[in-house]
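For reference, data-v4.pdb (PDB, C-alpha atoms):
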MODEL        1
ATOM      1  CA  MET A   1      24.684 -26.719 -20.568
ATOM      2  CA  HIS A   2      24.972 -26.225 -24.307
ATOM      3  CA  GLN A   3      28.324 -26.492 -26.053
ATOM      4  CA  ILE A   4      29.174 -24.617 -29.232
ATOM      5  CA  SER A   5      32.323 -25.689 -31.058
ATOM      6  CA  ARG A   6      33.662 -24.136 -34.269
ATOM      7  CA  THR A   7      36.957 -23.927 -36.168
ATOM      8  CA  THR A   8      38.354 -21.714 -38.878
ATOM      9  CA  ILE A   9      41.690 -21.228 -40.599
ATOM     10  CA  VAL A  10      43.019 -17.703 -41.054
ATOM     11  CA  PRO A  11      46.082 -16.498 -43.010
ATOM     12  CA  VAL A  12      47.926 -14.904 -40.072
ATOM     13  CA  SER A  13      50.398 -16.129 -37.462
ATOM     14  CA  PRO A  14      49.170 -17.647 -34.189
ATOM     15  CA  GLU A  15      50.697 -14.667 -32.345
ATOM     16  CA  LYS A  16      48.734 -12.125 -34.376
ATOM     17  CA  ALA A  17      45.507 -14.133 -34.086
ATOM     18  CA  PHE A  18      45.998 -14.660 -30.347
ATOM     19  CA  ASP A  19      46.745 -11.008 -29.611
ATOM     20  CA  LEU A  20      43.514  -9.849 -31.264
ATOM     21  CA  ILE A  21      41.116 -12.603 -30.196
ATOM     22  CA  ALA A  22      42.378 -13.503 -26.698
ATOM     23  CA  ASP A  23      42.175  -9.882 -25.503
ATOM     24  CA  PHE A  24      38.430  -9.655 -24.873
ATOM     25  CA  SER A  25      38.514  -5.856 -25.000
ATOM     26  CA  ASN A  26      38.468  -6.572 -28.771
ATOM     27  CA  LEU A  27      35.364  -8.771 -28.477
ATOM     28  CA  PRO A  28      32.977  -6.343 -30.247
ATOM     29  CA  VAL A  29      35.410  -6.233 -33.200
ATOM     30  CA  TRP A  30      34.847  -9.905 -34.019
ATOM     31  CA  ASP A  31      31.728 -11.039 -32.136
ATOM     32  CA  PRO A  32      28.529  -9.430 -33.440
ATOM     33  CA  GLY A  33      26.742 -10.640 -30.287
ATOM     34  CA  SER A  34      28.851  -8.250 -28.193
ATOM     35  CA  VAL A  35      27.938  -4.611 -27.816
ATOM     36  CA  LYS A  36      30.718  -3.485 -25.487
ATOM     37  CA  SER A  37      33.757  -4.855 -23.696
ATOM     38  CA  GLU A  38      36.089  -2.950 -21.416
ATOM     39  CA  LEU A  39      39.160  -4.168 -19.581
ATOM     40  CA  ARG A  40      38.533  -3.717 -15.865
ATOM     41  CA  LEU A  41      41.629  -5.418 -14.430
ATOM     42  CA  GLY A  42      44.874  -6.825 -15.843
ATOM     43  CA  ASP A  43      46.683  -6.530 -19.153
ATOM     44  CA  GLY A  44      44.228  -8.162 -21.546
ATOM     45  CA  TYR A  45      45.019 -11.850 -21.770
ATOM     46  CA  GLU A  46      46.963 -12.855 -18.685
ATOM     47  CA  PRO A  47      45.143 -14.895 -16.007
ATOM     48  CA  GLY A  48      43.144 -12.609 -13.762
ATOM     49  CA  SER A  49      42.415 -10.075 -16.495
ATOM     50  CA  THR A  50      38.753  -9.116 -16.141
ATOM     51  CA  PHE A  51      36.369  -7.553 -18.647
ATOM     52  CA  ASP A  52      32.994  -5.866 -18.319
ATOM     53  CA  VAL A  53      31.053  -7.116 -21.341
ATOM     54  CA  VAL A  54      27.589  -6.368 -22.708
ATOM     55  CA  VAL A  55      26.155  -9.054 -24.985
ATOM     56  CA  THR A  56      22.889  -9.228 -26.887
ATOM     57  CA  PHE A  57      20.731 -12.324 -26.896
ATOM     58  CA  ASN A  58      17.198 -12.575 -28.224
ATOM     59  CA  GLY A  59      17.044  -8.797 -28.555
ATOM     60  CA  ARG A  60      18.138  -8.038 -24.991
ATOM     61  CA  GLU A  61      21.366  -6.503 -23.767
ATOM     62  CA  MET A  62      22.903  -8.386 -20.855
ATOM     63  CA  PRO A  63      25.937  -7.355 -18.807
ATOM     64  CA  MET A  64      28.500 -10.039 -18.025
ATOM     65  CA  VAL A  65      31.908 -10.191 -16.400
ATOM     66  CA  TYR A  66      34.549 -12.307 -18.124
ATOM     67  CA  ARG A  67      37.774 -13.370 -16.415
ATOM     68  CA  VAL A  68      40.815 -15.009 -17.997
ATOM     69  CA  VAL A  69      41.475 -18.231 -16.088
ATOM     70  CA  GLU A  70      44.127 -19.759 -18.345
ATOM     71  CA  SER A  71      46.437 -18.284 -20.951
ATOM     72  CA  SER A  72      49.324 -19.698 -22.909
ATOM     73  CA  ARG A  73      50.305 -17.238 -25.644
ATOM     74  CA  PRO A  74      50.021 -17.918 -28.562
ATOM     75  CA  ASN A  75      48.243 -21.271 -28.206
ATOM     76  CA  ARG A  76      45.278 -21.095 -25.835
ATOM     77  CA  VAL A  77      43.106 -18.881 -23.680
ATOM     78  CA  VAL A  78      40.201 -19.815 -21.407
ATOM     79  CA  LEU A  79      37.748 -17.273 -20.033
ATOM     80  CA  HIS A  80      34.851 -17.672 -17.612
ATOM     81  CA  GLY A  81      31.877 -15.371 -18.033
ATOM     82  CA  LYS A  82      29.074 -14.731 -15.607
ATOM     83  CA  GLY A  83      25.921 -12.635 -15.844
ATOM     84  CA  LEU A  84      22.630 -12.516 -13.968
ATOM     85  CA  THR A  85      21.096 -15.204 -16.169
ATOM     86  CA  THR A  86      24.026 -16.817 -17.973
ATOM     87  CA  LYS A  87      27.351 -18.555 -17.369
ATOM     88  CA  ALA A  88      29.915 -19.211 -20.088
ATOM     89  CA  ILE A  89      33.266 -20.905 -20.449
ATOM     90  CA  ASP A  90      35.048 -19.837 -23.647
ATOM     91  CA  THR A  91      38.081 -21.829 -24.773
ATOM     92  CA  ILE A  92      39.983 -20.556 -27.797
ATOM     93  CA  THR A  93      42.950 -22.393 -29.320
ATOM     94  CA  PHE A  94      45.467 -21.241 -31.931
ATOM     95  CA  ASP A  95      47.450 -23.845 -33.881
ATOM     96  CA  SER A  96      50.006 -23.147 -36.590
ATOM     97  CA  VAL A  97      49.125 -24.743 -39.935
ATOM     98  CA  PRO A  98      50.685 -24.227 -43.396
ATOM     99  CA  GLU A  99      47.878 -21.792 -44.330
ATOM    100  CA  GLY A 100      48.363 -19.688 -41.164
ATOM    101  CA  THR A 101      46.455 -20.484 -37.972
ATOM    102  CA  ARG A 102      43.669 -22.889 -37.128
ATOM    103  CA  ILE A 103      41.467 -21.296 -34.492
ATOM    104  CA  GLY A 104      39.219 -23.486 -32.387
ATOM    105  CA  TYR A 105      36.414 -21.747 -30.523
ATOM    106  CA  THR A 106      34.361 -23.605 -27.918
ATOM    107  CA  ALA A 107      31.756 -22.000 -25.689
ATOM    108  CA  ASP A 108      29.990 -23.882 -22.920
ATOM    109  CA  LEU A 109      26.839 -21.894 -22.194
ATOM    110  CA  SER A 110      24.372 -22.425 -19.391
ATOM    111  CA  LEU A 111      21.448 -20.512 -18.031
ATOM    112  CA  ARG A 112      21.205 -19.801 -14.328
ATOM    113  CA  GLY A 113      18.352 -20.271 -11.904
ATOM    114  CA  PRO A 114      14.874 -21.084 -13.192
ATOM    115  CA  LEU A 115      15.916 -20.187 -16.748
ATOM    116  CA  ARG A 116      17.832 -23.483 -16.910
ATOM    117  CA  LEU A 117      14.523 -25.074 -17.899
ATOM    118  CA  PHE A 118      14.743 -23.241 -21.244
ATOM    119  CA  GLU A 119      18.301 -24.252 -22.225
ATOM    120  CA  LYS A 120      17.263 -27.018 -24.634
ATOM    121  CA  ARG A 121      14.769 -24.733 -26.371
ATOM    122  CA  LEU A 122      17.480 -22.140 -26.957
ATOM    123  CA  GLY A 123      19.936 -24.557 -28.569
ATOM    124  CA  GLU A 124      19.394 -23.195 -32.076
ATOM    125  CA  ALA A 125      19.868 -19.609 -30.873
ATOM    126  CA  PHE A 126      23.100 -20.626 -29.108
ATOM    127  CA  GLU A 127      24.335 -22.294 -32.313
ATOM    128  CA  LYS A 128      23.702 -19.075 -34.263
ATOM    129  CA  LEU A 129      25.883 -17.229 -31.733
ATOM    130  CA  GLY A 130      28.714 -19.668 -32.458
ATOM    131  CA  ASP A 131      28.288 -19.276 -36.213
ATOM    132  CA  ALA A 132      28.383 -15.485 -35.927
ATOM    133  CA  ALA A 133      31.435 -15.486 -33.654
ATOM    134  CA  ILE A 134      33.556 -17.756 -35.865
ATOM    135  CA  ALA A 135      32.478 -15.849 -38.989
ATOM    136  CA  GLY A 136      33.554 -12.625 -37.269
ATOM    137  CA  ILE A 137      36.936 -14.094 -36.365
ATOM    138  CA  SER A 138      37.453 -15.192 -39.976
ATOM    139  CA  ARG A 139      36.348 -11.821 -41.344
ATOM    140  CA  VAL A 140      38.606  -9.759 -39.092
ATOM    141  CA  LEU A 141      41.695 -11.911 -39.551
ATOM    142  CA  THR A 142      41.423 -12.331 -43.317
ATOM    143  CA  ALA A 143      40.735  -8.683 -44.125
TER     144      ALA A 143
ENDMDL
END
Using the file provided, produce a representation of the structure as structure tokens.
Amino acid sequence: MHQISRTTIVPVSPEKAFDLIADFSNLPVWDPGSVKSELRLGDGYEPGSTFDVVVTFNGREMPMVYRVVESSRPNRVVLHGKGLTTKAIDTITFDSVPEGTRIGYTADLSLRGPLRLFEKRLGEAFEKLGDAAIAGISRVLTA
């Protein structure tokens, strides 16, 4: 497993930040590694909400299903993602600070099956995904 952890501070309320980021149907708006995300089940950020997501990694598009497993608006959301070759646990926190909201983004990524042997080699590529995601969050919420 490879863990990515990033933080940023944005000049909006935790509620506004949560509503945009925690609803993964908005994922392509802020995560350049996501091509498509559609709500399949639920209301967007409540536990049980499920999303059909297409991500790109190393030039390939990969379908995944993400499910909200924990949600406490406006402070925290946890989603589990699963694809043919990848598993992910995304934890996003929203804390009020004088400047607006501190967003913490952590993704625990692991490859499935025989691809697990390549996880360590892909560490730098995983880190770039984290950099792009947090930069996207900052861009969208400071615009």
At a cut-off of 7 Å, using all atoms listed in the file, what residues contact Lys82 of chain A? Leave out same-chain residues fewer than 4 positions from it and give the result as a PyMOL selection string. chain A and resi 64-66+86-88
Quick one, how far is atom CA of Glu38 of chain A from atom CA of Val55 of chain A?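 Atom CA of Val55 of chain A lies 12.2 Å from atom CA of Glu38 of chain A.
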Check which residues satisfy the PyMOL selection byres ((chain A and resi 4-8) around 9) in the file shown, then give them as a list in words. His2, Gln3, Ile9, Val10, Thr101, Arg102, Ile103, Gly104, Tyr105, Thr106, Ala107, Asp108, Leu109, Phe126, Glu127, Leu129, Gly130, Asp131, Ala133, Ile134, Ala135, Ile137 and Ser138 of chain A
Would you give me, as CSV, each residue of segment 51-126 of chain A having an atom within 12 Å of an atom of segment 18-28 of chain A, along with its shortest atom pair and that distance in Å to one decimal, using all atoms listed in the file and sorting by chain and residue number?
residue,atom,partner,partner_atom,distance
A:Phe51,CA,A:Phe24,CA,6.9
A:Asp52,CA,A:Ser25,CA,8.7
A:Val53,CA,A:Ser25,CA,8.4
A:Val54,CA,A:Pro28,CA,9.3
A:Val55,CA,A:Pro28,CA,9.0
A:Thr56,CA,A:Pro28,CA,11.0
A:Val65,CA,A:Phe24,CA,10.7
A:Tyr66,CA,A:Phe24,CA,8.2
A:Arg67,CA,A:Phe24,CA,9.3
A:Val68,CA,A:Ala22,CA,9.0
A:Val69,CA,A:Ala22,CA,11.7
A:Glu70,CA,A:Ala22,CA,10.6
A:Ser71,CA,A:Ala22,CA,8.5
A:Ser72,CA,A:Phe18,CA,9.6
A:Arg73,CA,A:Phe18,CA,6.9
A:Pro74,CA,A:Phe18,CA,5.5
A:Asn75,CA,A:Phe18,CA,7.3
A:Arg76,CA,A:Phe18,CA,7.9
A:Val77,CA,A:Ala22,CA,6.2
A:Val78,CA,A:Ala22,CA,8.5
A:Leu79,CA,A:Ala22,CA,8.9
A:His80,CA,A:Phe24,CA,11.4
A:Gly81,CA,A:Phe24,CA,11.1
A:Asp90,CA,A:Ala22,CA,10.2
A:Thr91,CA,A:Ala22,CA,9.6
A:Ile92,CA,A:Ala22,CA,7.5
A:Thr93,CA,A:Phe18,CA,8.4
A:Phe94,CA,A:Phe18,CA,6.8
A:Asp95,CA,A:Phe18,CA,9.9
A:Ser96,CA,A:Phe18,CA,11.3
A:Thr101,CA,A:Phe18,CA,9.6
A:Arg102,CA,A:Phe18,CA,10.9
A:Ile103,CA,A:Phe18,CA,9.0
A:Gly104,CA,A:Ile21,CA,11.3
A:Tyr105,CA,A:Ile21,CA,10.3
Take the residues just selected and output them with C-alpha atoms as an mmCIF file, in the frame of the given file.
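Below is the file that was written, selection03.cif:
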data_model
loop_
_atom_site.group_PDB
_atom_site.id
_atom_site.type_symbol
_atom_site.label_atom_id
_atom_site.label_comp_id
_atom_site.auth_asym_id
_atom_site.auth_seq_id
_atom_site.Cartn_x
_atom_site.Cartn_y
_atom_site.Cartn_z
ATOM 1 C CA PHE A 51 36.369 -7.553 -18.647
ATOM 2 C CA ASP A 52 32.994 -5.866 -18.319
ATOM 3 C CA VAL A 53 31.053 -7.116 -21.341
ATOM 4 C CA VAL A 54 27.589 -6.368 -22.708
ATOM 5 C CA VAL A 55 26.155 -9.054 -24.985
ATOM 6 C CA THR A 56 22.889 -9.228 -26.887
ATOM 7 C CA VAL A 65 31.908 -10.191 -16.400
ATOM 8 C CA TYR A 66 34.549 -12.307 -18.124
ATOM 9 C CA ARG A 67 37.774 -13.370 -16.415
ATOM 10 C CA VAL A 68 40.815 -15.009 -17.997
ATOM 11 C CA VAL A 69 41.475 -18.231 -16.088
ATOM 12 C CA GLU A 70 44.127 -19.759 -18.345
ATOM 13 C CA SER A 71 46.437 -18.284 -20.951
ATOM 14 C CA SER A 72 49.324 -19.698 -22.909
ATOM 15 C CA ARG A 73 50.305 -17.238 -25.644
ATOM 16 C CA PRO A 74 50.021 -17.918 -28.562
ATOM 17 C CA ASN A 75 48.243 -21.271 -28.206
ATOM 18 C CA ARG A 76 45.278 -21.095 -25.835
ATOM 19 C CA VAL A 77 43.106 -18.881 -23.680
ATOM 20 C CA VAL A 78 40.201 -19.815 -21.407
ATOM 21 C CA LEU A 79 37.748 -17.273 -20.033
ATOM 22 C CA HIS A 80 34.851 -17.672 -17.612
ATOM 23 C CA GLY A 81 31.877 -15.371 -18.033
ATOM 24 C CA ASP A 90 35.048 -19.837 -23.647
ATOM 25 C CA THR A 91 38.081 -21.829 -24.773
ATOM 26 C CA ILE A 92 39.983 -20.556 -27.797
ATOM 27 C CA THR A 93 42.950 -22.393 -29.320
ATOM 28 C CA PHE A 94 45.467 -21.241 -31.931
ATOM 29 C CA ASP A 95 47.450 -23.845 -33.881
ATOM 30 C CA SER A 96 50.006 -23.147 -36.590
ATOM 31 C CA THR A 101 46.455 -20.484 -37.972
ATOM 32 C CA ARG A 102 43.669 -22.889 -37.128
ATOM 33 C CA ILE A 103 41.467 -21.296 -34.492
ATOM 34 C CA GLY A 104 39.219 -23.486 -32.387
ATOM 35 C CA TYR A 105 36.414 -21.747 -30.523
#
Which of these, A:Gly42, A:Gly33, A:Gly59, A:Pro98, has the shortest distance to Pro14 of chain A once you count all atoms listed in the file? A:Pro98
